[in-house]
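work39.pdb, holding PDB, C-alpha atoms and all ligand atoms:
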```pdb
ATOM      1  CA  MET A  34      12.897  -9.867  18.285
ATOM      2  CA  TYR A  35      10.087 -10.929  15.944
ATOM      3  CA  PHE A  36       8.192  -9.278  13.144
ATOM      4  CA  LYS A  37       4.448  -9.106  13.590
ATOM      5  CA  GLU A  38       3.959 -12.131  11.355
ATOM      6  CA  GLY A  39       6.339 -14.140  13.525
ATOM      7  CA  VAL A  40       9.397 -14.087  11.253
ATOM      8  CA  PRO A  41      12.622 -13.575  13.205
ATOM      9  CA  ARG A  42      14.246 -10.245  12.276
ATOM     10  CA  ARG A  43      17.670 -11.785  11.822
ATOM     11  CA  ALA A  44      16.332 -14.541   9.545
ATOM     12  CA  VAL A  45      14.826 -11.932   7.245
ATOM     13  CA  ALA A  46      17.872  -9.678   7.339
ATOM     14  CA  GLU A  47      20.052 -12.642   6.347
ATOM     15  CA  GLY A  48      17.691 -13.540   3.517
ATOM     16  CA  ARG A  49      16.420 -16.787   5.128
ATOM     17  CA  MET A  50      12.792 -16.125   4.205
ATOM     18  CA  PRO A  51       9.859 -18.523   4.319
ATOM     19  CA  ALA A  52       9.275 -20.656   1.205
ATOM     20  CA  SER A  53       7.714 -18.904  -1.803
ATOM     21  CA  PRO A  54       3.901 -18.731  -1.877
ATOM     22  CA  SER A  55       1.822 -21.256  -3.767
ATOM     23  CA  ARG A  56      -0.374 -19.737  -6.477
ATOM     24  CA  PRO A  57      -3.106 -19.038  -7.440
ATOM     25  CA  VAL A  58      -4.434 -18.063  -4.024
ATOM     26  CA  GLY A  59      -8.118 -17.240  -3.684
ATOM     27  CA  PRO A  60     -10.053 -15.714  -0.814
ATOM     28  CA  CYS A  61     -10.422 -19.106   0.876
ATOM     29  CA  SER A  62      -6.687 -19.188   1.515
ATOM     30  CA  LEU A  63      -6.774 -15.946   3.495
ATOM     31  CA  GLY A  64      -5.906 -16.373   7.164
ATOM     32  CA  LYS A  65      -7.942 -15.163  10.137
ATOM     33  CA  ARG A  66      -5.965 -11.931  10.428
ATOM     34  CA  ASP A  67      -6.380 -11.264   6.659
ATOM     35  CA  LEU A  68     -10.140 -11.669   6.997
ATOM     36  CA  TYR A  69     -10.200  -9.286   9.968
ATOM     37  CA  ILE A  70      -8.268  -6.646   7.955
ATOM     38  CA  ARG A  71     -10.458  -7.162   4.902
ATOM     39  CA  ASN A  72     -13.695  -6.782   6.899
ATOM     40  CA  LEU A  73     -12.341  -3.670   8.533
ATOM     41  CA  PHE A  74     -11.651  -2.058   5.149
ATOM     42  CA  SER A  75     -14.974  -3.254   3.728
ATOM     43  CA  SER A  76     -16.782  -1.413   6.523
ATOM     44  CA  ILE A  77     -15.211   1.951   5.617
ATOM     45  CA  ALA A  78     -14.785   1.568   1.837
ATOM     46  CA  PRO A  79     -17.499   4.096   0.832
ATOM     47  CA  ARG A  80     -16.040   6.752   3.151
ATOM     48  CA  ILE A  81     -12.315   6.056   3.128
ATOM     49  CA  ASP A  82     -11.390   8.723   0.544
ATOM     50  CA  ALA A  83     -13.203  11.509   2.390
ATOM     51  CA  LEU A  84     -11.857  10.402   5.780
ATOM     52  CA  SER A  85      -8.255  10.114   4.512
ATOM     53  CA  SER A  86      -8.409  13.644   3.101
ATOM     54  CA  LEU A  87     -10.013  14.952   6.281
ATOM     55  CA  PHE A  88      -7.600  13.315   8.730
ATOM     56  CA  SER A  89      -4.483  14.153   6.705
ATOM     57  CA  LEU A  90      -5.804  17.715   6.122
ATOM     58  CA  GLY A  91      -5.578  16.998   2.391
ATOM     59  CA  ILE A  92      -1.844  16.231   2.553
ATOM     60  CA  CYS A  93      -2.299  12.559   1.543
ATOM     61  CA  ASN A  94      -2.847  13.670  -2.051
ATOM     62  CA  PHE A  95       0.407  15.614  -2.017
ATOM     63  CA  TRP A  96       2.220  12.518  -0.666
ATOM     64  CA  ARG A  97       0.707  10.324  -3.395
ATOM     65  CA  ARG A  98       1.773  12.822  -6.077
ATOM     66  CA  ARG A  99       5.312  12.788  -4.664
ATOM     67  CA  LEU A 100       5.311   8.987  -4.950
ATOM     68  CA  VAL A 101       4.214   9.202  -8.580
ATOM     69  CA  GLU A 102       7.098  11.632  -9.245
ATOM     70  CA  LEU A 103       9.544   9.155  -7.686
ATOM     71  CA  ALA A 104       8.180   6.363  -9.890
ATOM     72  CA  GLN A 105       9.234   8.321 -13.036
ATOM     73  CA  VAL A 106       6.580   6.570 -15.096
ATOM     74  CA  GLN A 107       7.126   6.520 -18.877
ATOM     75  CA  PRO A 108       4.112   6.722 -21.250
ATOM     76  CA  ALA A 109       4.288   3.145 -22.577
ATOM     77  CA  GLU A 110       5.032   1.398 -19.286
ATOM     78  CA  ARG A 111       3.014  -1.245 -17.426
ATOM     79  CA  ILE A 112       2.293  -0.325 -13.819
ATOM     80  CA  LEU A 113       0.779  -2.273 -10.924
ATOM     81  CA  ASP A 114      -0.634  -0.616  -7.806
ATOM     82  CA  VAL A 115      -0.980  -3.068  -4.897
ATOM     83  CA  CYS A 116      -3.421  -2.445  -1.986
ATOM     84  CA  THR A 117      -5.016   0.026  -4.348
ATOM     85  CA  GLY A 118      -8.137   0.684  -2.245
ATOM     86  CA  THR A 119     -10.463   2.867  -4.305
ATOM     87  CA  GLY A 120      -7.704   3.351  -6.898
ATOM     88  CA  ASN A 121      -6.370   6.813  -6.039
ATOM     89  CA  MET A 122      -2.787   5.955  -6.994
ATOM     90  CA  VAL A 123      -3.896   4.248 -10.194
ATOM     91  CA  PHE A 124      -5.610   7.357 -11.550
ATOM     92  CA  LEU A 125      -2.689   9.616 -10.633
ATOM     93  CA  ILE A 126      -0.241   7.261 -12.346
ATOM     94  CA  ALA A 127      -2.541   6.865 -15.371
ATOM     95  CA  GLU A 128      -2.153  10.595 -16.106
ATOM     96  CA  ASN A 129       1.428   9.739 -17.155
ATOM     97  CA  VAL A 130       0.607   6.732 -19.355
ATOM     98  CA  ASP A 131      -0.507   6.692 -23.013
ATOM     99  CA  SER A 132      -2.460   4.123 -25.027
ATOM    100  CA  ALA A 133       0.599   1.839 -25.181
ATOM    101  CA  GLY A 134       0.795   1.680 -21.401
ATOM    102  CA  SER A 135      -1.509   0.292 -18.712
ATOM    103  CA  VAL A 136      -2.160   0.623 -15.004
ATOM    104  CA  ASN A 137      -3.547  -2.263 -12.931
ATOM    105  CA  GLY A 138      -4.818  -1.916  -9.393
ATOM    106  CA  VAL A 139      -5.273  -4.871  -7.026
ATOM    107  CA  ASP A 140      -6.776  -5.151  -3.564
ATOM    108  CA  PHE A 141      -8.236  -8.088  -1.655
ATOM    109  CA  CYS A 142     -11.265  -6.103  -0.500
ATOM    110  CA  GLU A 143     -14.181  -6.464  -2.931
ATOM    111  CA  ALA A 144     -15.924  -3.327  -1.642
ATOM    112  CA  MET A 145     -12.836  -1.247  -2.494
ATOM    113  CA  ILE A 146     -12.464  -2.826  -5.944
ATOM    114  CA  ALA A 147     -16.148  -2.197  -6.701
ATOM    115  CA  ILE A 148     -15.672   1.546  -6.085
ATOM    116  CA  ALA A 149     -12.397   1.629  -8.023
ATOM    117  CA  SER A 150     -13.947  -0.239 -10.980
ATOM    118  CA  GLU A 151     -16.812   2.243 -11.152
ATOM    119  CA  LYS A 152     -14.273   5.097 -11.329
ATOM    120  CA  ALA A 153     -12.353   3.136 -14.009
ATOM    121  CA  ARG A 154     -15.407   2.846 -16.277
ATOM    122  CA  ARG A 155     -15.627   6.638 -16.405
ATOM    123  CA  TRP A 156     -11.857   7.046 -16.764
ATOM    124  CA  ASN A 157     -11.466   4.562 -19.648
ATOM    125  CA  ARG A 158     -14.192   6.341 -21.636
ATOM    126  CA  ARG A 159     -12.295   9.640 -21.531
ATOM    127  CA  HIS A 160      -8.574   8.729 -21.488
ATOM    128  CA  ALA A 161      -6.062   6.878 -23.604
ATOM    129  CA  GLY A 162      -4.237   4.916 -20.883
ATOM    130  CA  ARG A 163      -5.912   1.678 -19.872
ATOM    131  CA  VAL A 164      -6.879   1.221 -16.239
ATOM    132  CA  ALA A 165      -8.112  -2.063 -14.741
ATOM    133  CA  PHE A 166      -8.793  -3.410 -11.264
ATOM    134  CA  SER A 167      -9.011  -6.897  -9.805
ATOM    135  CA  CYS A 168      -9.477  -8.581  -6.463
ATOM    136  CA  GLN A 169      -6.162 -10.121  -5.443
ATOM    137  CA  ASP A 170      -4.138 -10.861  -2.353
ATOM    138  CA  ALA A 171      -0.822  -8.969  -2.297
ATOM    139  CA  LYS A 172       0.827 -12.146  -1.013
ATOM    140  CA  ALA A 173      -0.168 -14.192  -4.078
ATOM    141  CA  LEU A 174      -0.387 -11.966  -7.135
ATOM    142  CA  ASP A 175      -1.994 -13.438 -10.221
ATOM    143  CA  PHE A 176       0.508 -12.057 -12.737
ATOM    144  CA  ARG A 177       3.390 -13.675 -14.582
ATOM    145  CA  ASP A 178       6.990 -13.102 -13.505
ATOM    146  CA  GLY A 179       8.520  -9.890 -14.903
ATOM    147  CA  THR A 180       5.247  -8.281 -16.047
ATOM    148  CA  PHE A 181       5.562  -4.723 -14.724
ATOM    149  CA  ASP A 182       7.946  -1.777 -15.084
ATOM    150  CA  VAL A 183       6.771  -0.243 -11.809
ATOM    151  CA  VAL A 184       4.915  -1.549  -8.743
ATOM    152  CA  SER A 185       3.540   0.979  -6.256
ATOM    153  CA  VAL A 186       1.977   0.548  -2.813
ATOM    154  CA  ALA A 187       0.486   3.513  -0.949
ATOM    155  CA  PHE A 188      -0.560   3.162   2.709
ATOM    156  CA  GLY A 189      -0.849  -0.587   2.158
ATOM    157  CA  MET A 190       2.252  -2.428   3.358
ATOM    158  CA  ARG A 191       1.536  -2.027   7.077
ATOM    159  CA  ASN A 192      -1.824  -3.763   6.589
ATOM    160  CA  ILE A 193      -0.460  -6.857   4.866
ATOM    161  CA  THR A 194      -0.144  -9.757   7.272
ATOM    162  CA  ASP A 195       3.138 -11.049   5.810
ATOM    163  CA  THR A 196       5.290  -8.153   4.641
ATOM    164  CA  ALA A 197       8.222 -10.246   3.452
ATOM    165  CA  ARG A 198       6.018 -12.506   1.335
ATOM    166  CA  ALA A 199       4.258  -9.546  -0.306
ATOM    167  CA  LEU A 200       7.616  -7.934  -1.096
ATOM    168  CA  ARG A 201       8.828 -11.117  -2.735
ATOM    169  CA  GLU A 202       5.654 -11.237  -4.839
ATOM    170  CA  ILE A 203       6.144  -7.600  -5.863
ATOM    171  CA  ARG A 204       9.737  -8.338  -6.836
ATOM    172  CA  ARG A 205       8.648 -11.420  -8.804
ATOM    173  CA  VAL A 206       6.156  -9.520 -10.978
ATOM    174  CA  LEU A 207       8.624  -6.685 -11.685
ATOM    175  CA  LYS A 208      10.730  -6.729 -14.841
ATOM    176  CA  GLN A 209      14.491  -6.926 -14.502
ATOM    177  CA  ASP A 210      15.554  -3.489 -13.187
ATOM    178  CA  GLY A 211      11.884  -2.581 -12.552
ATOM    179  CA  ARG A 212      11.099   0.016  -9.861
ATOM    180  CA  PHE A 213       9.257  -0.417  -6.589
ATOM    181  CA  VAL A 214       7.822   2.695  -4.914
ATOM    182  CA  CYS A 215       6.060   2.635  -1.589
ATOM    183  CA  LEU A 216       4.388   5.228   0.601
ATOM    184  CA  GLU A 217       3.672   4.539   4.245
ATOM    185  CA  LEU A 218       2.549   6.380   7.352
ATOM    186  CA  THR A 219       5.488   6.490   9.748
ATOM    187  CA  ARG A 220       6.301   7.739  13.228
ATOM    188  CA  PRO A 221       7.585  11.320  13.107
ATOM    189  CA  GLU A 222      10.979  12.174  14.631
ATOM    190  CA  PRO A 223      10.902  15.711  16.107
ATOM    191  CA  PRO A 224      10.202  15.426  19.874
ATOM    192  CA  TRP A 225       8.251  18.727  19.922
ATOM    193  CA  PHE A 226       5.867  17.324  17.303
ATOM    194  CA  LEU A 227       5.552  13.768  18.641
ATOM    195  CA  SER A 228       3.192  14.378  21.584
ATOM    196  CA  LEU A 229       0.910  16.533  19.443
ATOM    197  CA  TYR A 230       0.945  13.845  16.712
ATOM    198  CA  ARG A 231       0.191  11.030  19.167
ATOM    199  CA  PHE A 232      -2.699  12.955  20.687
ATOM    200  CA  TYR A 233      -4.143  13.566  17.211
ATOM    201  CA  LEU A 234      -3.602   9.957  16.075
ATOM    202  CA  PHE A 235      -4.716   8.093  19.210
ATOM    203  CA  ARG A 236      -7.430  10.459  20.487
ATOM    204  CA  VAL A 237      -8.772  12.924  17.918
ATOM    205  CA  ILE A 238      -8.946  10.660  14.849
ATOM    206  CA  PRO A 239     -10.734   7.702  16.543
ATOM    207  CA  TYR A 240     -13.151  10.097  18.263
ATOM    208  CA  VAL A 241     -14.093  11.988  15.083
ATOM    209  CA  ALA A 242     -14.199   8.774  13.026
ATOM    210  CA  ARG A 243     -16.620   7.190  15.490
ATOM    211  CA  LEU A 244     -18.900  10.220  15.256
ATOM    212  CA  VAL A 245     -18.865  10.159  11.454
ATOM    213  CA  THR A 246     -18.925   6.415  10.719
ATOM    214  CA  LYS A 247     -20.599   5.084  13.923
ATOM    215  CA  LEU A 248     -17.826   2.458  13.813
ATOM    216  CA  ASP A 249     -15.201   1.982  16.482
ATOM    217  CA  GLY A 250     -12.768  -0.500  14.934
ATOM    218  CA  PRO A 251     -11.164   0.975  11.828
ATOM    219  CA  TYR A 252      -9.740   4.160  13.283
ATOM    220  CA  ARG A 253      -8.603   2.470  16.491
ATOM    221  CA  TYR A 254      -6.749   0.048  14.250
ATOM    222  CA  LEU A 255      -5.038   2.908  12.348
ATOM    223  CA  PRO A 256      -2.689   4.149  15.135
ATOM    224  CA  LYS A 257      -1.962   0.573  16.219
ATOM    225  CA  SER A 258      -1.016  -0.360  12.663
ATOM    226  CA  ILE A 259       1.368   2.594  12.405
ATOM    227  CA  TYR A 260       3.012   1.869  15.754
ATOM    228  CA  GLY A 261       3.028  -1.897  15.130
ATOM    229  CA  PHE A 262       4.871  -1.609  11.825
ATOM    230  CA  TYR A 263       8.611  -1.324  11.244
ATOM    231  CA  SER A 264      10.567   1.861  11.797
ATOM    232  CA  VAL A 265      11.813   3.509   8.600
ATOM    233  CA  ALA A 266      15.310   2.019   9.037
ATOM    234  CA  GLU A 267      13.883  -1.467   9.719
ATOM    235  CA  PHE A 268      11.566  -1.376   6.720
ATOM    236  CA  GLN A 269      14.446  -0.267   4.509
ATOM    237  CA  GLN A 270      16.305  -3.400   5.684
ATOM    238  CA  VAL A 271      13.267  -5.589   5.054
ATOM    239  CA  ILE A 272      13.005  -4.274   1.485
ATOM    240  CA  GLU A 273      16.693  -5.030   0.957
ATOM    241  CA  ALA A 274      16.294  -8.482   2.498
ATOM    242  CA  ALA A 275      13.546  -9.208  -0.058
ATOM    243  CA  GLY A 276      16.184  -8.772  -2.786
ATOM    244  CA  PHE A 277      15.723  -5.137  -3.841
ATOM    245  CA  SER A 278      18.689  -2.824  -4.404
ATOM    246  CA  GLN A 279      19.283   0.948  -4.318
ATOM    247  CA  VAL A 280      16.694   1.417  -1.569
ATOM    248  CA  ARG A 281      16.182   5.105  -0.786
ATOM    249  CA  VAL A 282      13.901   6.758   1.749
ATOM    250  CA  HIS A 283      12.229  10.163   1.567
ATOM    251  CA  PRO A 284      10.643  11.379   4.816
ATOM    252  CA  MET A 285       7.779  13.827   4.313
ATOM    253  CA  THR A 286       5.957  16.236   6.653
ATOM    254  CA  TRP A 287       8.364  15.724   9.632
ATOM    255  CA  GLY A 288       8.276  11.989   9.013
ATOM    256  CA  VAL A 289       4.500  11.519   9.279
ATOM    257  CA  ALA A 290       4.800   9.712   5.950
ATOM    258  CA  THR A 291       7.795   8.200   4.190
ATOM    259  CA  ALA A 292       8.295   7.326   0.538
ATOM    260  CA  TYR A 293      10.587   4.410  -0.308
ATOM    261  CA  GLU A 294      12.024   3.657  -3.737
ATOM    262  CA  ALA A 295      13.978   0.607  -4.821
ATOM    263  CA  ARG A 296      15.132  -1.366  -7.860
ATOM    264  CA  ARG A 297      14.417  -5.001  -8.504
TER     265      ARG A 297
HETATM  266  C1  LIG B   1      -5.309   2.436   3.417
HETATM  267  S1  LIG B   1      -6.048   1.424   2.231
HETATM  268  C2  LIG B   1      -5.427   1.794   0.640
HETATM  269  C3  LIG B   1      -5.152   3.122   0.216
HETATM  270  C4  LIG B   1      -4.891   3.335  -1.235
HETATM  271  N1  LIG B   1      -3.678   2.687  -1.685
HETATM  272  C5  LIG B   1      -4.817   4.828  -1.424
HETATM  273  O1  LIG B   1      -3.729   5.354  -1.664
HETATM  274  O2  LIG B   1      -5.864   5.457  -1.312
HETATM  275  C6  LIG B   1      -5.193  -0.109   2.449
HETATM  276  C7  LIG B   1      -5.712  -1.176   1.524
HETATM  277  O3  LIG B   1      -4.889  -2.339   1.646
HETATM  278  C8  LIG B   1      -5.720  -3.434   1.336
HETATM  279  N2  LIG B   1      -5.040  -4.669   1.761
HETATM  280  C9  LIG B   1      -4.636  -5.010   3.000
HETATM  281  N3  LIG B   1      -4.054  -6.223   2.978
HETATM  282  C10 LIG B   1      -4.078  -6.647   1.689
HETATM  283  C11 LIG B   1      -3.639  -7.824   1.031
HETATM  284  N4  LIG B   1      -3.035  -8.828   1.698
HETATM  285  N5  LIG B   1      -3.827  -7.923  -0.301
HETATM  286  C12 LIG B   1      -4.439  -6.937  -0.984
HETATM  287  N6  LIG B   1      -4.894  -5.815  -0.417
HETATM  288  C13 LIG B   1      -4.723  -5.663   0.909
HETATM  289  C14 LIG B   1      -7.012  -3.127   2.073
HETATM  290  O4  LIG B   1      -8.105  -3.852   1.576
HETATM  291  C15 LIG B   1      -7.117  -1.624   1.824
HETATM  292  O5  LIG B   1      -7.947  -1.337   0.715
END
```
Serialized structure, structure tokens:
Amino acid sequence: MYFKEGVPRRAVAEGRMPASPSRPVGPCSLGKRDLYIRNLFSSIAPRIDALSSLFSLGICNFWRRRLVELAQVQPAERILDVCTGTGNMVFLIAENVDSAGSVNGVDFCEAMIAIASEKARRWNRRHAGRVAFSCQDAKALDFRDGTFDVVSVAFGMRNITDTARALREIRRVLKQDGRFVCLELTRPEPPWFLSLYRFYLFRVIPYVARLVTKLDGPYRYLPKSIYGFYSVAEFQQVIEAAGFSQVRVHPMTWGVATAYEARR
């Protein structure tokens, strides 16, 4: 059995990962699949917040808040949010940080970072905690080893073309004993709910999204990305294989989303 990026499951579980990434890595080092993902997100960047709220019936904000609770952010800490999109997690986390702390958001999609940076200009005028965004690939983060107290990723991991490599980067930039929190859309368990969920995910969402955005790709990709990613138990193993400890999982809303927490 192989992961989607072609890494044998057993090799990862046993810790025999590919060599560490070379840095710094700019956009020109992105692979074909990365460019496809990035274009897809560029095409929906201006509407992604509204569509996420609509399709999750507003529950995505509750899930994000739950992730922030799990992160147990302290006022003076340094936080990094990877695959930040338009920065939703960053602003939620920043509510818990004072002028001694900071929250950075990174994403490899310039259209997303442009929206997030515009929000940040307004935020930094009114609040003490510093918020900043930059364009970066999750697989080659441009930060020194041991920089952050917490790294978060919300709805991002399943889009990254090399999960193991991104996890190793996240671990590298965390301080000793730093915390990793991750939120991901997952496949729900209860059989009575599953057929309803699949109909909604594979039929209703792409249909409505096409009407609203006039685009076919992004919301056909969504269900495939959820079903193409690891199960909760597998992803827990992958996180452990990347060197994290105390990995815990928190299923939410019948398992439609799952929060993961771990220590470096
Ligand atoms: C569903 S969106 C982000 C949602 C955002 N975290 C939130 O909570 O609203 C997923 C994001 O992952 C980003 N992404 C995918 N692969 C990436 C990579 N290798 N490096 C950085 N960002 C990536 C996409 O550009 C996209 O903005």
Closest-contact table, chain A side, partner ligand LIG 1 (chain B), 6 Å, counting only C-alpha atoms and all ligand atoms, as CSV:
```
residue,atom,partner,partner_atom,distance
A:Arg71,CA,B:LIG1,O4,5.2
A:Phe74,CA,B:LIG1,O4,5.3
A:Cys116,CA,B:LIG1,O3,3.9
A:Thr117,CA,B:LIG1,N1,4.0
A:Gly118,CA,B:LIG1,O5,3.6
A:Asn121,CA,B:LIG1,O2,4.9
A:Met122,CA,B:LIG1,O1,5.4
A:Asp140,CA,B:LIG1,N6,3.7
A:Phe141,CA,B:LIG1,C12,4.0
A:Cys142,CA,B:LIG1,O4,4.4
A:Met145,CA,B:LIG1,O5,5.8
A:Gln169,CA,B:LIG1,C12,5.7
A:Asp170,CA,B:LIG1,N5,3.6
A:Ala171,CA,B:LIG1,N5,3.8
A:Lys172,CA,B:LIG1,N4,5.8
A:Ala187,CA,B:LIG1,N1,4.3
A:Phe188,CA,B:LIG1,C1,4.9
A:Gly189,CA,B:LIG1,C6,4.4
A:Asn192,CA,B:LIG1,C9,4.7
A:Ile193,CA,B:LIG1,N3,4.1
```
Please save C-alpha atoms of the selected residues as a tab-separated table (two decimals), in the coordinates of the input.
```tsv
chain	number	residue	atom	x	y	z
A	71	ARG	CA	-10.46	-7.16	4.90
A	74	PHE	CA	-11.65	-2.06	5.15
A	116	CYS	CA	-3.42	-2.44	-1.99
A	117	THR	CA	-5.02	0.03	-4.35
A	118	GLY	CA	-8.14	0.68	-2.24
A	121	ASN	CA	-6.37	6.81	-6.04
A	122	MET	CA	-2.79	5.96	-6.99
A	140	ASP	CA	-6.78	-5.15	-3.56
A	141	PHE	CA	-8.24	-8.09	-1.66
A	142	CYS	CA	-11.26	-6.10	-0.50
A	145	MET	CA	-12.84	-1.25	-2.49
A	169	GLN	CA	-6.16	-10.12	-5.44
A	170	ASP	CA	-4.14	-10.86	-2.35
A	171	ALA	CA	-0.82	-8.97	-2.30
A	172	LYS	CA	0.83	-12.15	-1.01
A	187	ALA	CA	0.49	3.51	-0.95
A	188	PHE	CA	-0.56	3.16	2.71
A	189	GLY	CA	-0.85	-0.59	2.16
A	192	ASN	CA	-1.82	-3.76	6.59
A	193	ILE	CA	-0.46	-6.86	4.87
```
**Message:** Using only C-alpha atoms, can you tell me which of A:Pro221, A:Pro256, A:Gly91, A:Gly250 comes closest to Leu234 of chain A?
**Reply:**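 The shortest atom-to-atom distance to Leu234 of chain A comes from A:Pro256.
Near Phe88 of chain A, within 10 Å and counting only C-alpha atoms, sit Tyr233, Leu234, Val237, Ile238, Val241 and Ala242 of chain A, not including residues fewer than 6 positions from it in the same chain.
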**Request:** Apply the PyMOL selection byres (((chain A and resi 129) around 12) and not hetatm) to the file shown and report the selected residues as number ranges by chain.
**Result:** A: 98, 101-102, 104-112, 122-128, 130-136, 160-164
Only C-alpha atoms, please: the residues just picked out, written as an mmCIF file, in the coordinates of the input.
```
data_model
loop_
_atom_site.group_PDB
_atom_site.id
_atom_site.type_symbol
_atom_site.label_atom_id
_atom_site.label_comp_id
_atom_site.auth_asym_id
_atom_site.auth_seq_id
_atom_site.Cartn_x
_atom_site.Cartn_y
_atom_site.Cartn_z
ATOM 1 C CA ARG A 98 1.773 12.822 -6.077
ATOM 2 C CA VAL A 101 4.214 9.202 -8.580
ATOM 3 C CA GLU A 102 7.098 11.632 -9.245
ATOM 4 C CA ALA A 104 8.180 6.363 -9.890
ATOM 5 C CA GLN A 105 9.234 8.321 -13.036
ATOM 6 C CA VAL A 106 6.580 6.570 -15.096
ATOM 7 C CA GLN A 107 7.126 6.520 -18.877
ATOM 8 C CA PRO A 108 4.112 6.722 -21.250
ATOM 9 C CA ALA A 109 4.288 3.145 -22.577
ATOM 10 C CA GLU A 110 5.032 1.398 -19.286
ATOM 11 C CA ARG A 111 3.014 -1.245 -17.426
ATOM 12 C CA ILE A 112 2.293 -0.325 -13.819
ATOM 13 C CA MET A 122 -2.787 5.955 -6.994
ATOM 14 C CA VAL A 123 -3.896 4.248 -10.194
ATOM 15 C CA PHE A 124 -5.610 7.357 -11.550
ATOM 16 C CA LEU A 125 -2.689 9.616 -10.633
ATOM 17 C CA ILE A 126 -0.241 7.261 -12.346
ATOM 18 C CA ALA A 127 -2.541 6.865 -15.371
ATOM 19 C CA GLU A 128 -2.153 10.595 -16.106
ATOM 20 C CA VAL A 130 0.607 6.732 -19.355
ATOM 21 C CA ASP A 131 -0.507 6.692 -23.013
ATOM 22 C CA SER A 132 -2.460 4.123 -25.027
ATOM 23 C CA ALA A 133 0.599 1.839 -25.181
ATOM 24 C CA GLY A 134 0.795 1.680 -21.401
ATOM 25 C CA SER A 135 -1.509 0.292 -18.712
ATOM 26 C CA VAL A 136 -2.160 0.623 -15.004
ATOM 27 C CA HIS A 160 -8.574 8.729 -21.488
ATOM 28 C CA ALA A 161 -6.062 6.878 -23.604
ATOM 29 C CA GLY A 162 -4.237 4.916 -20.883
ATOM 30 C CA ARG A 163 -5.912 1.678 -19.872
ATOM 31 C CA VAL A 164 -6.879 1.221 -16.239
#
```
**Asked** So how many Å separate atom CA of Val186 of chain A and atom CA of Arg97 of chain A, to one decimal?
**Response** 9.9 Å
**Asked** Which of these residues is nearest to Thr194 of chain A, using only C-alpha atoms: A:Leu90, A:Leu229, A:Ile70, A:Leu244?
**Response** A:Ile70
**Message:** Counting all atoms listed in the file, which residue out of A:Ile259, A:Val206, A:Leu200, A:Val183 sits closest to Ala274 of chain A?
**Reply:**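 Counting all atoms listed in the file, the residue closest to Ala274 of chain A is A:Leu200.
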**Request:** Provide the atom CA of Gln209 of chain A to atom CA of Ser278 of chain A distance in Å, to one decimal place.
**Result:**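 According to the coordinates, atom CA of Gln209 of chain A and atom CA of Ser278 of chain A are separated by 11.7 Å.
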**Request:** Name all residues at most 12 Å from Phe277 of chain A (count all atoms listed in the file; drop same-chain ones fewer than 6 positions away) and give them as a ChimeraX atom specification.
**Result:** /A:48,197,200-205,207,209-214,268-271,293-297
**Prompt:** Hey, what's within 8 Å of Arg220 of chain A if we count all atoms listed in the file and toss same-chain stuff fewer than 6 positions away? As a ChimeraX atom specification, please?
**Reply:** /A:259-260,264,288-290
**Message:** I'd like the contact shell of Val245 of chain A - 10 Å cut-off, only C-alpha atoms, skipping same-chain residues fewer than 4 positions apart - returned as a ChimeraX atom specification.
**Reply:** /A:80,84,239-241
